[in-house]
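Shown next, in structure tokens, is the structure this report addresses.
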Amino acid sequence: MAIMKKLKMFVAQEPVVAASCLLAGVGLFLPAVVRPILYPLETTTNQFPPPVFAHHVVPGKKKME
């Protein structure tokens, strides 16, 4: 309980520093939580079909039929 009392006193005495710490905490927390959630959704919507290598011709080699 003493920690909460000290925290309340700190916020009352230094509101700008407390707000800055809160914003920094949110800035560190959100990317760590939201990015792993959004990454699989992002990769599934932007997938392209694999290229067909049978149409590519390598110089110096005959095309296999």
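Ordered as shown in the structure tokens, chains take letters A, B, and onward, while each chain numbers its residues from 1 and ligands are numbered from 1 in the order shown.
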Considering only C-alpha atoms, return as JSON, numbers by chain whatever protein or nucleic-acid residues lie within 10 Å of range 17-28 of chain A, sequence-local ones (same chain, fewer than 5 positions apart) excluded.
-> {"A": [7, 8, 10, 11, 12, 33]}
Any chance you could export the current selection's N, CA and C atoms as a PDB file, in the first residue's frame?
```
ATOM      1  N   LEU A   7       3.281   6.535  -5.319  1.00  0.00           N
ATOM      2  CA  LEU A   7       2.956   6.761  -6.723  1.00  0.00           C
ATOM      3  C   LEU A   7       1.978   7.924  -6.878  1.00  0.00           C
ATOM      4  N   LYS A   8       0.956   7.974  -6.027  1.00  0.00           N
ATOM      5  CA  LYS A   8       0.000   9.080  -6.067  1.00  0.00           C
ATOM      6  C   LYS A   8       0.693  10.408  -5.773  1.00  0.00           C
ATOM      7  N   PHE A  10       3.849  11.090  -6.330  1.00  0.00           N
ATOM      8  CA  PHE A  10       4.698  11.397  -7.489  1.00  0.00           C
ATOM      9  C   PHE A  10       3.872  11.997  -8.619  1.00  0.00           C
ATOM     10  N   VAL A  11       2.704  11.412  -8.897  1.00  0.00           N
ATOM     11  CA  VAL A  11       1.844  11.922  -9.967  1.00  0.00           C
ATOM     12  C   VAL A  11       1.347  13.322  -9.632  1.00  0.00           C
ATOM     13  N   ALA A  12       1.046  13.563  -8.374  1.00  0.00           N
ATOM     14  CA  ALA A  12       0.570  14.888  -7.969  1.00  0.00           C
ATOM     15  C   ALA A  12       1.694  15.927  -8.060  1.00  0.00           C
ATOM     16  N   VAL A  33       2.413  -5.931 -28.631  1.00  0.00           N
ATOM     17  CA  VAL A  33       1.194  -6.747 -28.579  1.00  0.00           C
ATOM     18  C   VAL A  33       0.465  -6.742 -29.920  1.00  0.00           C
TER      19      VAL A  33
END
```
For CA of Ile3 in chain A and CA of Leu30 in chain A, determine how far apart the two atoms are, in Å to one decimal place.
->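 Taking CA of Ile3 in chain A and CA of Leu30 in chain A, their separation equals 25.5 Å.
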So how many Å separate CA of Glu14 in chain A and CA of Ala2 in chain A, to one decimal?
->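 If I compute the distance from CA of Glu14 in chain A to CA of Ala2 in chain A, I get 18.0 Å.
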